[in-house]
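Below is run.cif, holding mmCIF, C-alpha atoms.
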```
data_protein
loop_
_atom_site.label_atom_id
_atom_site.label_comp_id
_atom_site.auth_asym_id
_atom_site.auth_seq_id
_atom_site.Cartn_x
_atom_site.Cartn_y
_atom_site.Cartn_z
CA MET Q 1 23.56 -55.95 -24.78
CA SER Q 2 24.47 -52.37 -25.69
CA THR Q 3 20.86 -51.22 -25.41
CA SER Q 4 20.54 -52.83 -21.99
CA LEU Q 5 23.68 -51.08 -20.72
CA THR Q 6 22.45 -47.71 -21.99
CA ALA Q 7 19.12 -48.15 -20.23
CA THR Q 8 20.85 -49.19 -17.03
CA ARG Q 9 23.11 -46.15 -17.09
CA ALA Q 10 20.17 -43.81 -17.76
CA CYS Q 11 18.23 -44.92 -14.71
CA PRO Q 12 20.27 -42.95 -12.12
CA VAL Q 13 19.93 -39.81 -14.22
CA ALA Q 14 16.17 -40.26 -14.47
CA LEU Q 15 15.92 -40.92 -10.75
CA GLU Q 16 17.98 -37.83 -9.98
CA THR Q 17 15.77 -35.70 -12.22
CA THR Q 18 12.65 -37.05 -10.54
CA ALA Q 19 14.13 -36.36 -7.10
CA GLN Q 20 14.97 -32.79 -8.11
CA GLU Q 21 11.46 -32.20 -9.41
CA SER Q 22 10.01 -33.64 -6.22
CA ALA Q 23 12.25 -31.39 -4.11
CA ARG Q 24 11.23 -28.33 -6.13
CA ALA Q 25 7.55 -29.19 -5.74
CA ALA Q 26 7.95 -29.69 -1.99
CA SER Q 27 9.85 -26.42 -1.57
CA ALA Q 28 7.23 -24.56 -3.62
CA LEU Q 29 4.55 -26.01 -1.34
CA TRP Q 30 6.32 -24.78 1.79
CA PHE Q 31 6.89 -21.35 0.25
CA SER Q 32 3.21 -21.11 -0.71
CA ALA Q 33 2.19 -22.09 2.82
CA GLY Q 34 4.43 -19.35 4.18
CA GLN Q 35 2.92 -16.80 1.80
CA VAL Q 36 -0.64 -17.75 2.74
CA LEU Q 37 0.06 -17.65 6.48
CA LEU Q 38 1.81 -14.30 6.17
CA LEU Q 39 -1.08 -12.90 4.16
CA LEU Q 40 -3.68 -14.12 6.67
CA THR Q 41 -1.63 -12.55 9.46
CA LEU Q 42 -1.61 -9.21 7.65
CA LEU Q 43 -5.34 -9.33 6.92
CA GLY Q 44 -6.24 -10.27 10.48
CA ALA Q 45 -4.02 -7.84 12.40
CA PRO Q 46 -6.04 -4.65 11.68
CA LEU Q 47 -9.30 -6.45 12.52
CA ALA Q 48 -8.03 -7.13 16.06
CA PHE Q 49 -8.29 -3.41 16.94
CA GLY Q 50 -4.97 -2.83 15.17
CA ALA Q 51 -3.32 -5.64 17.20
CA VAL Q 52 -2.65 -3.24 20.08
CA GLU Q 53 -3.60 -5.72 22.80
CA THR Q 54 -0.90 -8.03 24.13
CA TRP Q 55 -2.58 -11.20 22.89
CA ALA Q 56 -2.95 -9.71 19.41
CA TRP Q 57 0.62 -8.51 18.83
CA ALA Q 58 2.01 -11.63 20.50
CA SER Q 59 -0.06 -13.77 18.12
CA LEU Q 60 1.23 -11.68 15.22
CA ALA Q 61 4.82 -12.29 16.33
CA VAL Q 62 4.25 -16.05 16.67
CA LEU Q 63 2.68 -16.29 13.20
CA VAL Q 64 5.61 -14.39 11.71
CA CYS Q 65 7.98 -16.91 13.31
CA VAL Q 66 5.93 -19.78 11.87
CA SER Q 67 6.12 -18.15 8.43
CA LEU Q 68 9.90 -17.93 8.83
CA PHE Q 69 9.96 -21.63 9.75
CA LEU Q 70 7.94 -22.53 6.63
CA TRP Q 71 10.29 -20.51 4.42
CA THR Q 72 13.26 -22.27 6.05
CA LEU Q 73 11.70 -25.68 5.36
CA GLY Q 74 11.21 -24.71 1.73
CA SER Q 75 14.84 -23.62 1.47
CA VAL Q 76 16.03 -26.89 3.05
CA ARG Q 77 13.98 -28.98 0.61
CA GLN Q 78 15.38 -26.87 -2.22
CA ARG Q 79 18.90 -27.65 -0.95
CA VAL Q 80 19.95 -24.09 -1.79
CA ALA Q 81 19.41 -21.21 0.65
CA ARG Q 82 18.73 -18.24 -1.61
CA ILE Q 83 18.75 -15.23 0.67
CA TRP Q 84 17.85 -11.85 -0.78
CA TRP Q 85 19.85 -9.20 1.01
CA SER Q 86 18.80 -5.65 1.86
CA PRO Q 87 21.01 -3.15 3.73
CA LEU Q 88 17.99 -2.39 5.91
CA TYR Q 89 18.54 -5.78 7.58
CA LEU Q 90 21.80 -4.44 9.00
CA VAL Q 91 20.22 -1.15 10.10
CA GLY Q 92 17.38 -3.02 11.81
CA MET Q 93 19.78 -5.37 13.60
CA LEU Q 94 21.88 -2.43 14.81
CA PHE Q 95 18.73 -0.78 16.20
CA LEU Q 96 17.85 -4.04 17.98
CA LEU Q 97 21.38 -4.21 19.40
CA LEU Q 98 20.98 -0.65 20.68
CA GLY Q 99 17.73 -1.59 22.42
CA GLY Q 100 19.35 -4.75 23.77
CA ALA Q 101 22.21 -2.69 25.18
CA GLN Q 102 19.69 -0.39 26.86
CA TYR Q 103 17.96 -3.35 28.48
CA SER Q 104 20.97 -5.47 29.46
CA GLY Q 105 23.08 -2.47 30.47
CA HIS Q 106 20.34 -1.00 32.68
CA LEU Q 107 20.34 2.18 30.60
CA THR Q 108 16.58 2.24 30.16
CA LEU Q 109 14.28 4.00 32.61
CA ASP Q 110 11.45 1.52 31.91
CA PRO Q 111 12.87 -2.01 31.47
CA ILE Q 112 9.50 -3.72 31.04
CA ARG Q 113 8.41 -1.45 28.17
CA THR Q 114 11.86 -1.72 26.60
CA ARG Q 115 11.65 -5.51 26.62
CA GLU Q 116 8.20 -5.34 25.02
CA SER Q 117 9.45 -2.91 22.37
CA LEU Q 118 12.38 -5.21 21.58
CA LEU Q 119 10.03 -8.14 21.01
CA LYS Q 120 7.87 -6.07 18.67
CA LEU Q 121 10.84 -4.69 16.75
CA ALA Q 122 12.28 -8.18 16.35
CA ALA Q 123 8.93 -9.36 14.97
CA TYR Q 124 8.79 -6.48 12.47
CA LEU Q 125 12.37 -7.12 11.32
CA LEU Q 126 11.64 -10.83 10.88
CA LEU Q 127 8.48 -9.93 8.98
CA PHE Q 128 10.42 -7.63 6.67
CA PHE Q 129 12.99 -10.37 6.07
CA VAL Q 130 10.46 -13.14 5.38
CA ALA Q 131 8.30 -10.88 3.21
CA THR Q 132 11.34 -9.90 1.14
CA GLN Q 133 12.30 -13.55 0.56
CA LEU Q 134 8.77 -14.59 -0.38
CA VAL Q 135 8.06 -11.55 -2.57
CA VAL Q 136 11.29 -11.78 -4.56
CA SER Q 137 11.18 -15.57 -4.98
CA GLY Q 138 7.47 -15.49 -5.85
CA GLY Q 139 8.04 -13.42 -8.99
CA GLU Q 140 5.83 -10.97 -10.83
CA GLU Q 141 2.68 -13.12 -10.90
CA SER Q 142 2.75 -13.54 -7.13
CA LEU Q 143 3.11 -9.79 -6.64
CA VAL Q 144 0.19 -9.04 -8.97
CA ARG Q 145 -1.98 -11.54 -7.07
CA PHE Q 146 -0.99 -9.77 -3.86
CA GLY Q 147 -2.10 -6.49 -5.45
CA PHE Q 148 -5.56 -7.90 -6.13
CA VAL Q 149 -5.82 -9.20 -2.56
CA VAL Q 150 -4.90 -5.74 -1.26
CA ALA Q 151 -7.54 -4.17 -3.54
CA ALA Q 152 -10.26 -6.53 -2.29
CA TYR Q 153 -9.20 -6.01 1.33
CA ALA Q 154 -9.11 -2.20 1.06
CA CYS Q 155 -12.54 -2.20 -0.56
CA ALA Q 156 -14.09 -4.55 2.00
CA LEU Q 157 -12.53 -2.73 4.96
CA GLY Q 158 -13.62 0.64 3.56
CA LEU Q 159 -17.21 -0.54 3.09
CA PHE Q 160 -17.27 -1.95 6.62
CA ALA Q 161 -15.81 1.24 8.11
CA MET Q 162 -18.34 3.48 6.34
CA LEU Q 163 -21.27 1.22 7.26
CA GLN Q 164 -20.13 1.14 10.89
CA PHE Q 165 -19.66 4.92 10.90
CA CYS Q 166 -23.23 5.46 9.72
CA SER Q 167 -24.92 2.97 12.02
CA SER Q 168 -22.88 2.07 15.12
CA ASN Q 169 -23.05 5.31 17.14
CA GLY Q 170 -19.33 5.26 17.93
CA ARG Q 171 -19.04 1.54 18.66
CA ILE Q 172 -16.46 -0.75 17.07
CA TYR Q 173 -18.17 -3.83 15.62
CA TRP Q 174 -21.40 -2.29 16.96
CA THR Q 175 -20.51 -3.51 20.49
CA VAL Q 176 -17.28 -1.95 21.83
CA ARG Q 177 -17.35 1.74 22.78
CA PRO Q 178 -13.83 3.08 23.49
CA GLU Q 179 -13.51 5.91 26.00
CA ASN Q 180 -12.13 9.32 25.02
CA ALA Q 181 -11.59 8.23 21.43
CA TRP Q 182 -13.01 8.68 17.94
CA PRO Q 183 -12.94 5.16 16.48
CA PHE Q 184 -13.17 4.36 12.81
CA GLY Q 185 -13.31 0.92 11.27
CA PRO Q 186 -11.68 -1.65 13.57
CA TYR Q 187 -9.33 0.99 15.06
CA VAL Q 188 -9.82 2.88 18.31
CA ASN Q 189 -8.15 5.93 16.74
CA ARG Q 190 -9.30 7.19 13.33
CA ASN Q 191 -5.77 8.40 12.56
CA HIS Q 192 -4.52 4.83 12.64
CA TYR Q 193 -7.24 3.68 10.25
CA ALA Q 194 -6.13 6.48 7.94
CA GLY Q 195 -2.53 5.28 8.36
CA LEU Q 196 -3.46 1.81 7.14
CA MET Q 197 -5.32 3.21 4.14
CA GLU Q 198 -2.30 5.37 3.30
CA LEU Q 199 -0.37 2.14 2.83
CA LEU Q 200 -3.05 0.28 0.87
CA ILE Q 201 -4.48 2.91 -1.49
CA PRO Q 202 -1.28 3.68 -3.48
CA MET Q 203 -0.74 -0.03 -4.13
CA VAL Q 204 -4.31 -0.35 -5.40
CA ILE Q 205 -3.83 2.71 -7.61
CA GLY Q 206 -0.60 1.17 -8.91
CA LEU Q 207 -2.51 -2.01 -9.72
CA LEU Q 208 -5.14 0.04 -11.56
CA LEU Q 209 -2.53 1.84 -13.65
CA SER Q 210 -0.87 -1.46 -14.54
CA ARG Q 211 -4.00 -3.12 -15.94
CA PRO Q 212 -4.59 -3.15 -19.71
CA GLU Q 213 -7.66 -1.36 -21.06
CA HIS Q 214 -9.51 -4.58 -21.93
CA ASP Q 215 -9.04 -6.22 -18.52
CA PRO Q 216 -12.53 -6.72 -16.99
CA ARG Q 217 -11.05 -6.64 -13.47
CA ARG Q 218 -10.00 -3.04 -14.00
CA LYS Q 219 -13.44 -1.72 -13.05
CA PHE Q 220 -13.35 -3.63 -9.77
CA VAL Q 221 -9.95 -2.13 -8.94
CA ALA Q 222 -11.29 1.36 -9.75
CA VAL Q 223 -14.23 0.78 -7.38
CA ALA Q 224 -11.80 -0.39 -4.69
CA VAL Q 225 -9.85 2.88 -5.04
CA LEU Q 226 -13.07 4.89 -4.83
CA VAL Q 227 -14.30 3.15 -1.67
CA ALA Q 228 -10.92 3.22 0.09
CA VAL Q 229 -10.37 6.94 -0.61
CA ALA Q 230 -13.91 7.81 0.51
CA SER Q 231 -13.42 5.90 3.78
CA LEU Q 232 -10.10 7.66 4.42
CA LEU Q 233 -11.77 11.06 3.97
CA LEU Q 234 -14.72 10.01 6.13
CA SER Q 235 -12.38 9.04 8.96
CA GLY Q 236 -11.81 12.76 9.56
CA SER Q 237 -8.06 12.33 10.04
CA ARG Q 238 -6.28 15.55 9.14
CA GLY Q 239 -2.90 13.86 9.20
CA GLY Q 240 -4.35 11.20 6.94
CA LEU Q 241 -5.64 13.83 4.51
CA ILE Q 242 -2.30 15.67 4.34
CA SER Q 243 -0.39 12.41 3.89
CA PHE Q 244 -2.77 11.27 1.16
CA LEU Q 245 -2.31 14.59 -0.64
CA VAL Q 246 1.47 14.01 -0.55
CA GLU Q 247 0.91 10.51 -1.95
CA ALA Q 248 -1.33 11.89 -4.69
CA LEU Q 249 1.35 14.41 -5.67
CA LEU Q 250 4.00 11.68 -5.77
CA LEU Q 251 1.84 9.34 -7.84
CA GLY Q 252 0.74 12.19 -10.08
CA GLY Q 253 4.33 13.21 -10.74
CA ILE Q 254 5.41 9.64 -11.49
CA PHE Q 255 2.40 9.09 -13.71
CA TRP Q 256 2.93 12.37 -15.55
CA ILE Q 257 6.49 11.39 -16.44
CA HIS Q 258 5.28 8.11 -17.92
CA SER Q 259 1.96 9.34 -19.35
CA LYS Q 260 3.20 9.20 -22.94
CA ARG Q 261 2.95 5.43 -22.90
CA GLU Q 262 0.03 4.04 -24.85
CA GLY Q 263 -3.27 3.90 -22.99
CA ARG Q 264 -2.17 5.88 -19.95
CA ARG Q 265 -4.18 9.02 -20.67
CA SER Q 266 -7.43 7.09 -20.40
CA SER Q 267 -6.16 5.76 -17.07
CA ALA Q 268 -5.69 9.34 -15.92
CA THR Q 269 -9.27 10.12 -16.92
CA LEU Q 270 -10.49 7.08 -15.01
CA LEU Q 271 -8.54 8.14 -11.91
CA ALA Q 272 -9.95 11.67 -12.10
CA LEU Q 273 -13.50 10.34 -12.37
CA GLY Q 274 -12.83 7.93 -9.50
CA GLY Q 275 -11.55 10.78 -7.32
CA ALA Q 276 -14.62 12.84 -8.09
CA ALA Q 277 -16.88 9.89 -7.27
CA ALA Q 278 -15.02 9.28 -3.98
CA ALA Q 279 -15.44 12.94 -3.02
CA THR Q 280 -19.15 12.76 -3.90
CA LEU Q 281 -19.60 9.63 -1.78
CA PHE Q 282 -17.75 11.27 1.12
CA PHE Q 283 -19.86 14.43 1.16
CA TRP Q 284 -23.04 12.36 0.80
CA LEU Q 285 -22.18 10.34 3.93
CA ASP Q 286 -20.53 13.17 5.88
CA PRO Q 287 -22.77 14.68 8.58
CA GLY Q 288 -20.88 17.98 8.31
CA GLU Q 289 -18.51 17.87 11.25
CA ILE Q 290 -15.86 15.87 9.41
CA SER Q 291 -15.62 18.23 6.45
CA THR Q 292 -15.37 21.11 8.94
CA ARG Q 293 -12.54 19.29 10.72
CA LEU Q 294 -10.71 18.54 7.48
CA ALA Q 295 -11.06 22.17 6.44
CA THR Q 296 -8.86 23.14 9.42
CA ALA Q 297 -6.12 20.64 8.54
CA PHE Q 298 -3.51 23.33 7.91
CA GLU Q 299 -4.66 25.85 10.56
CA TYR Q 300 -2.18 25.18 13.34
CA SER Q 301 -2.91 28.42 15.17
CA HIS Q 302 -6.68 28.05 15.26
CA ALA Q 303 -8.12 28.05 18.79
CA ALA Q 304 -10.07 24.86 18.21
CA GLU Q 305 -6.90 23.07 17.14
CA ALA Q 306 -5.23 22.81 20.55
CA THR Q 307 -4.18 19.26 19.71
CA ASN Q 308 -1.77 20.63 17.11
CA ASP Q 309 -0.22 22.93 19.71
CA THR Q 310 -0.03 19.96 22.05
CA ARG Q 311 1.86 17.97 19.42
CA LEU Q 312 4.40 20.76 19.09
CA MET Q 313 4.84 20.96 22.87
CA LEU Q 314 5.24 17.17 23.06
CA ALA Q 315 7.96 17.37 20.42
CA ARG Q 316 9.76 20.06 22.43
CA ASP Q 317 9.45 17.95 25.58
CA SER Q 318 10.95 15.02 23.67
CA LEU Q 319 13.94 17.12 22.67
CA ARG Q 320 14.44 18.05 26.33
CA MET Q 321 14.56 14.32 27.07
CA VAL Q 322 17.28 13.98 24.43
CA ARG Q 323 19.28 16.70 26.17
CA ASP Q 324 19.40 14.63 29.37
CA HIS Q 325 19.87 11.27 27.61
CA PRO Q 326 21.77 12.22 24.46
CA TRP Q 327 23.56 9.10 23.26
CA ALA Q 328 21.43 6.02 23.98
CA GLY Q 329 18.14 7.69 24.95
CA ALA Q 330 15.81 7.01 27.85
CA GLY Q 331 14.99 3.50 26.64
CA LEU Q 332 12.71 2.08 23.96
CA GLY Q 333 9.05 2.29 24.98
CA SER Q 334 9.80 4.51 27.98
CA PHE Q 335 8.08 7.69 26.77
CA GLU Q 336 4.87 7.24 28.80
CA ASP Q 337 6.80 6.72 32.02
CA VAL Q 338 9.46 9.39 31.47
CA HIS Q 339 7.50 12.22 29.82
CA PRO Q 340 5.70 13.49 32.97
CA ARG Q 341 9.10 14.57 34.34
CA TYR Q 342 9.59 16.80 31.29
CA GLN Q 343 6.02 17.90 30.59
CA SER Q 344 6.01 21.66 30.03
CA PHE Q 345 2.25 22.26 29.85
CA ALA Q 346 -0.76 21.59 32.05
CA SER Q 347 -3.01 18.70 31.06
CA ASP Q 348 -5.16 16.05 32.71
CA LEU Q 349 -4.24 13.56 29.97
CA VAL Q 350 -1.54 10.91 30.11
CA PHE Q 351 0.44 10.90 26.88
CA THR Q 352 1.57 7.42 25.91
CA HIS Q 353 3.40 8.67 22.82
CA ALA Q 354 4.91 11.89 21.50
CA HIS Q 355 2.55 12.05 18.49
CA ASN Q 356 5.71 12.37 16.43
CA ASP Q 357 7.52 9.11 15.80
CA TYR Q 358 10.80 10.84 14.94
CA ALA Q 359 10.89 12.94 18.11
CA GLU Q 360 9.93 9.87 20.15
CA ALA Q 361 12.69 7.81 18.52
CA LEU Q 362 15.23 10.49 19.48
CA ALA Q 363 13.93 10.62 23.05
CA GLU Q 364 13.93 6.84 23.50
CA ALA Q 365 16.98 5.83 21.43
CA GLY Q 366 19.09 8.98 21.58
CA LEU Q 367 21.35 10.31 18.86
CA ALA Q 368 22.53 6.78 18.06
CA GLY Q 369 18.98 5.66 17.33
CA GLY Q 370 18.22 8.87 15.47
CA ALA Q 371 21.25 8.30 13.22
CA LEU Q 372 20.02 4.78 12.42
CA VAL Q 373 16.54 6.08 11.59
CA LEU Q 374 18.07 8.72 9.31
CA LEU Q 375 20.24 6.09 7.62
CA ALA Q 376 17.19 3.88 7.03
CA LEU Q 377 15.31 6.81 5.48
CA VAL Q 378 18.22 7.58 3.14
CA ILE Q 379 18.47 3.94 2.03
CA PHE Q 380 14.73 3.76 1.42
CA LEU Q 381 14.55 6.98 -0.60
CA ARG Q 382 17.63 6.10 -2.67
CA ARG Q 383 16.41 2.63 -3.58
CA ALA Q 384 12.61 2.77 -3.68
CA PHE Q 385 12.36 5.25 -6.57
CA THR Q 386 15.29 4.16 -8.74
CA ASP Q 387 15.02 2.78 -12.30
CA LEU Q 388 11.39 3.87 -12.62
CA ARG Q 389 11.48 3.85 -16.42
CA GLU Q 390 12.51 0.20 -16.47
CA ARG Q 391 10.32 -0.97 -13.59
CA LEU Q 392 7.12 0.64 -14.86
CA ARG Q 393 7.26 -1.45 -18.01
CA TYR Q 394 5.95 -4.34 -15.93
CA GLU Q 395 2.75 -4.78 -13.93
CA ALA Q 396 4.64 -5.65 -10.76
CA GLY Q 397 6.67 -2.45 -11.08
CA TRP Q 398 3.56 -0.31 -10.61
CA ILE Q 399 2.70 -2.21 -7.43
CA GLN Q 400 6.26 -1.78 -6.16
CA VAL Q 401 6.10 1.97 -6.79
CA GLY Q 402 2.66 2.12 -5.16
CA ALA Q 403 4.10 0.40 -2.08
CA ALA Q 404 6.97 2.91 -2.02
CA VAL Q 405 4.51 5.82 -2.22
CA GLY Q 406 2.42 4.26 0.57
CA CYS Q 407 5.49 3.98 2.81
CA SER Q 408 6.33 7.61 2.03
CA GLY Q 409 2.82 8.69 3.03
CA LEU Q 410 3.02 6.94 6.39
CA LEU Q 411 6.46 8.45 6.99
CA VAL Q 412 4.93 11.89 6.46
CA HIS Q 413 1.99 11.06 8.76
CA SER Q 414 4.48 10.03 11.45
CA LEU Q 415 5.44 13.67 11.87
CA ALA Q 416 2.14 14.18 13.69
CA ASP Q 417 1.13 10.73 14.95
CA PHE Q 418 2.38 7.36 16.21
CA ASN Q 419 1.32 4.87 13.53
CA PHE Q 420 4.57 2.93 13.91
CA HIS Q 421 3.53 2.05 17.46
CA ILE Q 422 0.37 0.35 16.19
CA PRO Q 423 1.43 -3.27 15.51
CA ALA Q 424 -0.95 -3.84 12.59
CA ASN Q 425 0.24 -0.72 10.79
CA ALA Q 426 3.89 -1.44 11.56
CA ALA Q 427 3.42 -4.96 10.16
CA TRP Q 428 1.82 -3.65 6.98
CA PHE Q 429 4.59 -1.07 6.64
CA SER Q 430 7.20 -3.84 6.92
CA VAL Q 431 5.57 -5.78 4.08
CA CYS Q 432 5.05 -2.68 1.92
CA LEU Q 433 8.71 -1.84 2.47
CA ALA Q 434 9.67 -5.34 1.32
CA VAL Q 435 7.52 -4.94 -1.80
CA ALA Q 436 8.91 -1.47 -2.54
CA LEU Q 437 12.53 -2.62 -2.30
CA SER Q 438 12.08 -6.10 -3.80
CA SER Q 439 13.67 -5.11 -7.12
CA CYS Q 440 16.80 -3.76 -5.39
CA CYS Q 441 17.78 -6.81 -3.32
CA LYS Q 442 20.96 -8.80 -3.97
CA ARG Q 443 20.97 -12.58 -3.84
CA LEU Q 444 23.21 -14.49 -1.45
CA SER Q 445 23.24 -18.26 -2.07
CA SER Q 446 24.71 -21.05 -0.02
#
```

Whole structure, structure tokens version:
Amino acid sequence: MSTSLTATRACPVALETTAQESARAASALWFSAGQVLLLLTLLGAPLAFGAVETWAWASLAVLVCVSLFLWTLGSVRQRVARIWWSPLYLVGMLFLLLGGAQYSGHLTLDPIRTRESLLKLAAYLLLFFVATQLVVSGGEESLVRFGFVVAAYACALGLFAMLQFCSSNGRIYWTVRPENAWPFGPYVNRNHYAGLMELLIPMVIGLLLSRPEHDPRRKFVAVAVLVAVASLLLSGSRGGLISFLVEALLLGGIFWIHSKREGRRSSATLLALGGAAAATLFFWLDPGEISTRLATAFEYSHAAEATNDTRLMLARDSLRMVRDHPWAGAGLGSFEDVHPRYQSFASDLVFTHAHNDYAEALAEAGLAGGALVLLALVIFLRRAFTDLRERLRYEAGWIQVGAAVGCSGLLVHSLADFNFHIPANAAWFSVCLAVALSSCCKRLSS
């Protein structure tokens, strides 16, 4: 009788344990589905000409929302909503509120573009949120797998871009010839291809530095670095070259500090050989005009470099826009419509952007928006490079630092270009930002 009663009492406990295991398995399945969908979205966005067309960025936004829905389903099945908090959520929401006030309060000079910009910004903020939740909850193994996917993608995209460069005669996918542009890879503008590679290459280098000497996959990662760097150089983007040099200095400094760890000096040798091989591959494929263009990267006063002078004049024009619209700006996305009223130089071209994301943010969002951008930069720099000694003991830590360096490179490039207005690059930046700050998030549970 006693044995029977014990068995009867144990049944509810066993059933509860089984139910909990089933719920955990179901939630893990939903989380994995969200990760896969988010990854496919990231991989596909650059291939659609950088997702600059309406159908492309709208599809990106819809897929991000579906990924958020899958994460929510996983949290519901888990019966505990574990939300990883970043202060950048608040900054992003305040920026969205500012844009919403421009639109609803009729403060913008181009309501249609402001509405479009708000939709894009909301998608990027959602992407940053979902990526943060999935990266942190996925753990170190998930982040290392992501690093290998990035390495394979950077290598494949670099090979495609170089093959297309050598054989397509200026056509994207050997069929589409953009007007008044120098395309590279799937991008109409070579600078935006370079911007994407600035995000990917440091993560791949971080993955390379994290691998043990005996790992057979290490050679593949080294080849991926070589191909990606060679394709960036071959793009002929001077802003890309300068930004990559900044990234190399950052990575070199971080690596030098931690070079006393066992096995790291051979990694440095491997990186040096890889850099030399990438340079050799670049000069072998380069017809001559690209190396000439890169050689003038720092010559802002050279007569052939009128585009650099134009960038400076566009920045000055943007500041004149701030003078007339100081607090809330002229409206998000309004630069193309408003700039002709402030243009201080003669040109037959229509400038859709200021070729300086910071000046454009001031012109479109005013001092309020500029203050939010500055606050976001301070938060990023304070958190992305903290506790390096502890983080670099783990493989995932090197990928996190690589993502932080990649974000820093694109932030530098934004001084002379508009990569943040290319949806594919903005999406990749959002995810790299989530990876870089994933070790600094605080958990909120309900």

Between CA of Gln133 in chain Q and CA of Ala151 in chain Q, what is the distance, to one decimal in Å?
22.3 Å

Taking the file as I've supplied it (selection: the PyMOL selection byres ((chain Q and resi 122) around 12)), which residues are included? Please answer as number ranges by chain.
Q: 57-58, 60-62, 64-65, 89, 92-97, 99-100, 115-121, 123-129, 423, 426-427, 430

How many Å lie between CA of Gln400 in chain Q and CA of Leu143 in chain Q, rounded to one decimal?
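Distance between the two atoms: 8.6 Å.
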
The PyMOL selection byres ((chain Q and resi 436) around 10) - which residues does that actually catch in the file I just gave you? List them as an MDAnalysis selection string.
chainID Q and resid 132 203 380 383:385 397:407 430:435 437:440

Using the chain letters and numbers from this file, what does the PyMOL selection byres ((chain Q and resi 338-351) around 10) select? Give the answer as a PyMOL selection string.
chain Q and resi 109-110+310+313-314+316-321+330-331+333-337+352-355+363-364

Who sits within 12 Å of Ala181 in chain Q, all atoms listed in the file, same chain under 4 positions skipped, as JSON, numbers by chain:
{"Q": [170, 171, 172, 176, 177, 187, 188, 189, 190, 191, 192]}

Keeping only C-alpha atoms, write those residues as a short mmCIF file (atom, residue, chain, number, x, y, z; two decimals), in the frame of the given file.
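Just written: again-v1.cif:
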```cif
data_model
loop_
_atom_site.label_atom_id
_atom_site.label_comp_id
_atom_site.auth_asym_id
_atom_site.auth_seq_id
_atom_site.Cartn_x
_atom_site.Cartn_y
_atom_site.Cartn_z
CA GLY Q 170 -19.33 5.26 17.93
CA ARG Q 171 -19.04 1.54 18.66
CA ILE Q 172 -16.46 -0.75 17.07
CA VAL Q 176 -17.28 -1.95 21.83
CA ARG Q 177 -17.35 1.74 22.78
CA TYR Q 187 -9.33 0.99 15.06
CA VAL Q 188 -9.82 2.88 18.31
CA ASN Q 189 -8.15 5.93 16.74
CA ARG Q 190 -9.30 7.19 13.33
CA ASN Q 191 -5.77 8.40 12.56
CA HIS Q 192 -4.52 4.83 12.64
#
```

Have a look at CA of Arg393 in chain Q and CA of Ile205 in chain Q and let me know their distance in Å, one decimal.
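Atom-to-atom, CA of Arg393 in chain Q to CA of Ile205 in chain Q, that is 15.8 Å.
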
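Nearest residue to Phe429 in chain Q among Q:Val204, Q:Leu415, Q:Ile254, Q:Leu196 is Q:Leu196, counting only C-alpha atoms.
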
Counting only C-alpha atoms, the option among Q:Tyr173, Q:Leu411, Q:Gln102, Q:Asp215 closest to His325 in chain Q:
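Among the listed residues, the smallest separation from His325 in chain Q belongs to Q:Gln102.
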
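Using all atoms listed in the file, the nearest neighbour of Val246 in chain Q within the list Q:Ser408, Q:Ser167, Q:Ser142, Q:Ser104 is Q:Ser408.
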
Of the listed residues Q:His258, Q:Arg77, Q:His421, Q:Arg211, that which approaches Leu392 in chain Q most closely, counting only C-alpha atoms
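Ranked by minimum distance to Leu392 in chain Q, first place goes to Q:His258.
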